[in-house]
Structures are given as structure tokens and as C-alpha cells.
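J.: Sending over a structure as C-alpha cells; questions will come in a sec.
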Amino acid sequence: MLLFKSRNGKKEQGKPVIPEGLWIKCPSCSEIIYKKELERNLEVCPKCNYHFRLKAIRRIEIIFDEGSFKELFQDIKPIDILNFTDTKKYKDRIKEDVDKTGLSDAVVAGEGNIHGIRVASSIFDFNFMGGSMGRVAGEKIKKTFEYASANKLPVIIFSSSGGARMQEGIYSLMQMSKTVALVSEFNATGLPYISVLTDPTTGGVSASFASIGDVIIAEPKALIGFAGPRVIEKTIHQSLPEGFQRSEYLLEHGMIDMIVERKDLRDVLRNLLLLFVNERVNE
């Protein structure tokens, strides 16, 4: 006998009961995917190759050697320095996202190994206030570069952000110049900085450190740009080219160096790091 749940929660004869949380709909092709299958496929749709957004912890699991990642700078936490309120208080927004994600802010910083190669890294999590860059994100990126310089490590930053955090006003915008200056200082060490752009990388993040890596990698079809396509169209009153601000368009126009699928990213990063290491040995 087949049972289904009625609106009052009671089981009745008819349609089968499908437990909640086992399936997910692909936002690109609308395929219904078994969640376990999606996890096995590294959160990539097996039908259309759509790359789902990753939580920072999942990104760490996929990229770094098992058990090698050590989080740093956990004591840096956001504060409502401007006593900002829009539809709700900023400090309430912070608390909500801390409770929702288990993170203290939008960036997880630390060090770990990729195929045995030790690197310093910052990983954005879009689930925390849209991966927006405020004072904490900027400071964690700063400390990541400083830690890498002191320990002679390469830096890899995985960006996924809606841009600067409006609730912190000018303090947020200052992180753009701050991070660009840090990349410039880090370049003088001769150590590599690899920037990985994921969907989406926009606003002040795309306009600062994310776009000035020694190598810039993007995941397939990631949205990358400063303002969103709709904002640009309304400003210039023109239709944009098909695929504008997607990884493939940026690669074609020389704005990024390569597009790498998630299943290949760990190995590509290893190969790039080995190349940089060999170059330093041969200098």
C-alpha cells in the first residue's frame, strides 16, 4: 500500500512518501538530483555541469589534503562600528548569519596542504551575508598574506562574494585599497598568489585582490564582474553580449588565465604550485 502525507501531516493512501532533504533541483537545467550523488560529484550537476556554490568548509574538504587544514585568525570578529540599521540592525544580521553558518564572518583563513604542498589560503563563504567583504574579511586576507610572507608560503584565495559590505560603509570600501597594497607587497617576495574566482565574484572583491593574482582561475560559468548585468544595462541603455561577465567570456577577452572544472582544480593547483617552486629553485 502506498502512503503520502496530507496537509495535516497524517499518512494517507495514495502517493508515496518522499523524505525531505534527499533531493535538490539544479538551478541551471532543473534536473532533480539525489543529494548523495551531488556530493559524490563535488556539488556539480551530473547532467549540465552546473557548479553549485560551496560552503567554505566543503571547499576545504575538496581542495586540501585530508586533515591538513588549520584555521587561523579565528579571534577576529565583526562589530557594528557604525550602529548601522536598514530593515534590521547590522548586529542582528551578524548574529543570524553566525547562527546559520557556524562561521564568525564571510572568510575562513588558514593553512593546509595540497598534494603535500603547504599553502596559506582565504576562502569566502557566500552563505555569510553574501560573502560580502567588511573589515574582518579584509583583515583576514591581510593576515593571510603576512603569514605567508613570514613562512615563505604561496597564497591561494577562493573568492565568492557580492562585493563590499554596505553595513560598514567606508570601512568596507577601504578594504579594497588595503588588500591591493598587500598583494603588491607580497609580490616583492617572489612567492606565488593564485586567485580562484567562483560564482559569484563581484563588486569590490572583483575590483581588488581577486583580479590581480599571478594566475587567475575561474570555475565554469561563474559570474564575475563589478556591477551586475541588469545594473549595467540600465546605466548604458544597451543590451549586453550573450554570456557577458561569465567565465568563458572573460577568458576569451583575456581577463582570466584559465577555466578549471572543480574535479580538476586540486590537481591544477598542485601543478601550478610545483611550477612556481621549480622556478624559484632555478633562479
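Note on naming: chains are A, B, ... as they come in the C-alpha cells, residues start from 1 per chain, ligands start from 1 in the order shown.
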Give me, as a tab-separated table, each residue of stretch 159-201 of chain A that comes within 12 Å of stretch 93-104 of chain A, together with its shortest interatomic pair and the distance in Å at one decimal, counting only C-alpha atoms, with rows ordered by chain and rising residue number.

T.:
residue	atom	partner	partner_atom	distance
A:Arg165	CA	A:Ile94	CA	11.6
A:Gln167	CA	A:Arg93	CA	9.8
A:Glu168	CA	A:Ile94	CA	11.8

J.: Since we have the selection now, will you write its residues out, keeping N, CA and C atoms, as a short mmCIF file (atom, residue, chain, number, x, y, z; two decimals), in the first residue's frame?

T.:
data_model
loop_
_atom_site.label_atom_id
_atom_site.label_comp_id
_atom_site.auth_asym_id
_atom_site.auth_seq_id
_atom_site.Cartn_x
_atom_site.Cartn_y
_atom_site.Cartn_z
N ARG A 165 30.73 45.24 1.96
CA ARG A 165 29.60 45.12 2.89
C ARG A 165 29.05 46.51 3.22
N GLN A 167 26.87 47.62 5.15
CA GLN A 167 26.60 47.97 6.55
C GLN A 167 27.82 48.55 7.26
N GLU A 168 29.00 48.45 6.63
CA GLU A 168 30.21 49.01 7.24
C GLU A 168 30.72 50.24 6.51
#

J.: Do a neighbour search on stretch 52-64 of chain A at 9 Å with only C-alpha atoms, toss out local chain neighbours closer than 3 positions, and write the hits as a PyMOL selection string.

T.: chain A and resi 26-27+42-45+67-69+101+106-108+112-116+123-127+158+160+198-200+262-263+265-267+269

J.: What separation in Å, quoted to one decimal, exists between atom CA of A:Arg135 and atom CA of A:Gln245?

T.: 26.7 Å

J.: To one decimal place, how far is atom CA of A:Tyr171 from atom CA of A:Phe128 in Å?

T.: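 Here the two named atoms are 18.2 Å from each other.
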
J.: Among stretch 160-246 of chain A, which ones does DSSP place in strand (DSSP E or B), written as a ChimeraX atom specification?

T.: /A:160-161,164,193-202,215-218,223-225,246

J.: Now that the selection is made, can you save its residues with C-alpha atoms as a tab-separated table (two decimals), in the first residue's frame?

T.:
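After the write, again.tsv holds the following:
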chain	number	residue	atom	x	y	z
A	160	SER	CA	32.73	34.09	-3.77
A	161	SER	CA	31.30	37.49	-2.96
A	164	ALA	CA	31.79	45.33	-0.22
A	193	TYR	CA	49.50	34.24	-5.36
A	194	ILE	CA	46.77	32.27	-7.13
A	195	SER	CA	43.27	33.74	-7.31
A	196	VAL	CA	40.35	31.36	-7.82
A	197	LEU	CA	37.09	33.05	-8.86
A	198	THR	CA	33.87	31.17	-8.18
A	199	ASP	CA	30.23	32.05	-8.69
A	200	PRO	CA	29.71	34.90	-7.99
A	201	THR	CA	32.76	37.15	-7.66
A	202	THR	CA	31.53	40.72	-7.96
A	215	VAL	CA	47.41	33.27	-12.04
A	216	ILE	CA	43.65	33.86	-12.17
A	217	ILE	CA	41.48	30.75	-12.39
A	218	ALA	CA	37.70	30.62	-12.66
A	223	LEU	CA	29.51	35.32	-12.69
A	224	ILE	CA	32.49	37.67	-12.48
A	225	GLY	CA	32.33	41.46	-12.68
A	246	ARG	CA	30.69	34.78	-17.28

J.: Which residue gives the smallest distance to A:Ile79 among A:Ala188, A:Val136, A:Phe145, A:Asp257, with only C-alpha atoms counted?

T.: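 With only C-alpha atoms as the atom set, the closest residue is A:Val136.
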
J.: One number please: atom CA of A:Lys89 to atom CA of A:Gly163, in Å, one decimal.

T.: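 The value is 19.7 Å.
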
J.: Taking only residues of stretch 117-141 of chain A that have an atom at most 12 Å from an atom of stretch 270-273 of chain A, what is each one's shortest atom pair and its distance in Å to one decimal, using only C-alpha atoms, in chain and number order, as JSON lines?

T.:
{"residue": "A:Ile117", "atom": "CA", "partner": "A:Arg270", "partner_atom": "CA", "distance": 7.4}
{"residue": "A:Arg118", "atom": "CA", "partner": "A:Leu273", "partner_atom": "CA", "distance": 9.6}
{"residue": "A:Val119", "atom": "CA", "partner": "A:Leu273", "partner_atom": "CA", "distance": 9.1}

J.: Can you pull out every residue from stretch 62-272 of chain A that DSSP, working from the backbone, puts in alpha helix (DSSP H), and format the result as a ChimeraX atom specification?

T.: /A:62-63,90-101,135-151,169-187,203-206,229-236,247-252,262-272

J.: Take the residues that were just selected and, keeping C-alpha atoms, output them as a PDB file, in the first residue's frame.

T.:
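That gives us part_14.pdb:
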ATOM      1  CA  ILE A  62      37.571  19.156  -1.706  1.00  0.00           C
ATOM      2  CA  ILE A  63      40.829  21.083  -2.195  1.00  0.00           C
ATOM      3  CA  TYR A  90      23.521  45.101  11.479  1.00  0.00           C
ATOM      4  CA  LYS A  91      24.459  43.388  14.730  1.00  0.00           C
ATOM      5  CA  ASP A  92      21.286  41.294  14.409  1.00  0.00           C
ATOM      6  CA  ARG A  93      22.235  40.349  10.847  1.00  0.00           C
ATOM      7  CA  ILE A  94      25.666  39.267  12.078  1.00  0.00           C
ATOM      8  CA  LYS A  95      24.149  37.099  14.810  1.00  0.00           C
ATOM      9  CA  GLU A  96      21.706  35.494  12.366  1.00  0.00           C
ATOM     10  CA  ASP A  97      24.457  34.526   9.938  1.00  0.00           C
ATOM     11  CA  VAL A  98      26.782  33.320  12.699  1.00  0.00           C
ATOM     12  CA  ASP A  99      23.982  31.037  13.900  1.00  0.00           C
ATOM     13  CA  LYS A 100      23.102  29.959  10.343  1.00  0.00           C
ATOM     14  CA  THR A 101      26.612  29.182   9.086  1.00  0.00           C
ATOM     15  CA  ARG A 135      36.674  44.868   7.994  1.00  0.00           C
ATOM     16  CA  VAL A 136      37.036  41.261   9.173  1.00  0.00           C
ATOM     17  CA  ALA A 137      37.375  39.807   5.659  1.00  0.00           C
ATOM     18  CA  GLY A 138      39.932  42.455   4.739  1.00  0.00           C
ATOM     19  CA  GLU A 139      41.907  41.849   7.918  1.00  0.00           C
ATOM     20  CA  LYS A 140      41.909  38.070   7.449  1.00  0.00           C
ATOM     21  CA  ILE A 141      43.190  38.481   3.895  1.00  0.00           C
ATOM     22  CA  LYS A 142      45.847  40.886   5.184  1.00  0.00           C
ATOM     23  CA  LYS A 143      46.969  38.417   7.817  1.00  0.00           C
ATOM     24  CA  THR A 144      46.938  35.568   5.286  1.00  0.00           C
ATOM     25  CA  PHE A 145      49.473  37.413   3.118  1.00  0.00           C
ATOM     26  CA  GLU A 146      51.562  38.412   6.144  1.00  0.00           C
ATOM     27  CA  TYR A 147      51.547  34.826   7.448  1.00  0.00           C
ATOM     28  CA  ALA A 148      52.546  33.541   4.007  1.00  0.00           C
ATOM     29  CA  SER A 149      55.404  36.057   3.772  1.00  0.00           C
ATOM     30  CA  ALA A 150      56.721  35.140   7.220  1.00  0.00           C
ATOM     31  CA  ASN A 151      56.548  31.402   6.488  1.00  0.00           C
ATOM     32  CA  GLY A 169      30.257  51.955   4.851  1.00  0.00           C
ATOM     33  CA  ILE A 170      33.655  53.489   4.116  1.00  0.00           C
ATOM     34  CA  TYR A 171      35.366  50.958   6.391  1.00  0.00           C
ATOM     35  CA  SER A 172      34.347  48.263   3.924  1.00  0.00           C
ATOM     36  CA  LEU A 173      35.457  50.217   0.851  1.00  0.00           C
ATOM     37  CA  MET A 174      38.859  50.800   2.447  1.00  0.00           C
ATOM     38  CA  GLN A 175      39.476  47.038   2.324  1.00  0.00           C
ATOM     39  CA  MET A 176      39.838  47.287  -1.468  1.00  0.00           C
ATOM     40  CA  SER A 177      42.917  49.532  -1.374  1.00  0.00           C
ATOM     41  CA  LYS A 178      44.218  47.697   1.689  1.00  0.00           C
ATOM     42  CA  THR A 179      44.182  44.278   0.020  1.00  0.00           C
ATOM     43  CA  VAL A 180      45.610  45.575  -3.267  1.00  0.00           C
ATOM     44  CA  ALA A 181      48.534  47.136  -1.368  1.00  0.00           C
ATOM     45  CA  LEU A 182      49.125  43.826   0.416  1.00  0.00           C
ATOM     46  CA  VAL A 183      49.234  41.909  -2.866  1.00  0.00           C
ATOM     47  CA  SER A 184      51.786  44.420  -4.155  1.00  0.00           C
ATOM     48  CA  GLU A 185      53.951  43.913  -1.064  1.00  0.00           C
ATOM     49  CA  PHE A 186      53.593  40.136  -1.349  1.00  0.00           C
ATOM     50  CA  ASN A 187      54.707  40.234  -4.998  1.00  0.00           C
ATOM     51  CA  GLY A 203      31.758  44.264  -6.617  1.00  0.00           C
ATOM     52  CA  GLY A 204      34.687  45.370  -4.503  1.00  0.00           C
ATOM     53  CA  VAL A 205      36.179  41.881  -4.318  1.00  0.00           C
ATOM     54  CA  SER A 206      36.407  41.517  -8.101  1.00  0.00           C
ATOM     55  CA  PRO A 229      24.408  42.826 -15.815  1.00  0.00           C
ATOM     56  CA  ARG A 230      20.998  44.375 -15.116  1.00  0.00           C
ATOM     57  CA  VAL A 231      22.571  47.417 -13.468  1.00  0.00           C
ATOM     58  CA  ILE A 232      24.916  47.893 -16.427  1.00  0.00           C
ATOM     59  CA  GLU A 233      22.100  47.581 -18.980  1.00  0.00           C
ATOM     60  CA  LYS A 234      20.007  50.167 -17.159  1.00  0.00           C
ATOM     61  CA  THR A 235      23.011  52.516 -16.962  1.00  0.00           C
ATOM     62  CA  ILE A 236      24.182  52.326 -20.580  1.00  0.00           C
ATOM     63  CA  SER A 247      33.992  32.919 -17.029  1.00  0.00           C
ATOM     64  CA  GLU A 248      34.008  31.901 -20.677  1.00  0.00           C
ATOM     65  CA  TYR A 249      33.530  35.489 -21.902  1.00  0.00           C
ATOM     66  CA  LEU A 250      36.284  36.762 -19.616  1.00  0.00           C
ATOM     67  CA  LEU A 251      38.690  34.053 -20.764  1.00  0.00           C
ATOM     68  CA  GLU A 252      38.005  34.908 -24.411  1.00  0.00           C
ATOM     69  CA  ARG A 262      36.010  21.529  -9.890  1.00  0.00           C
ATOM     70  CA  LYS A 263      37.050  17.904 -10.340  1.00  0.00           C
ATOM     71  CA  ASP A 264      40.354  19.084 -11.840  1.00  0.00           C
ATOM     72  CA  LEU A 265      41.053  22.112  -9.658  1.00  0.00           C
ATOM     73  CA  ARG A 266      43.042  20.378  -6.925  1.00  0.00           C
ATOM     74  CA  ASP A 267      45.453  18.822  -9.465  1.00  0.00           C
ATOM     75  CA  VAL A 268      45.769  22.041 -11.478  1.00  0.00           C
ATOM     76  CA  LEU A 269      46.663  23.957  -8.310  1.00  0.00           C
ATOM     77  CA  ARG A 270      49.305  21.354  -7.478  1.00  0.00           C
ATOM     78  CA  ASN A 271      50.833  21.632 -10.953  1.00  0.00           C
ATOM     79  CA  LEU A 272      50.921  25.429 -10.783  1.00  0.00           C
TER      80      LEU A 272
END

J.: If we count only C-alpha atoms, what is near A:Cys48 at a cut-off of 10 Å, once residues fewer than 5 positions away on the same chain are taken out, given as JSON, numbers by chain?

T.: {"A": [26, 28, 29, 30, 31]}

J.: Between A:Ser239, A:Ser211, A:Gln74, A:Thr85, which residue has the minimum interatomic distance to A:Met166, considering only C-alpha atoms?

T.: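 Closest residue, counting only C-alpha atoms: A:Thr85.
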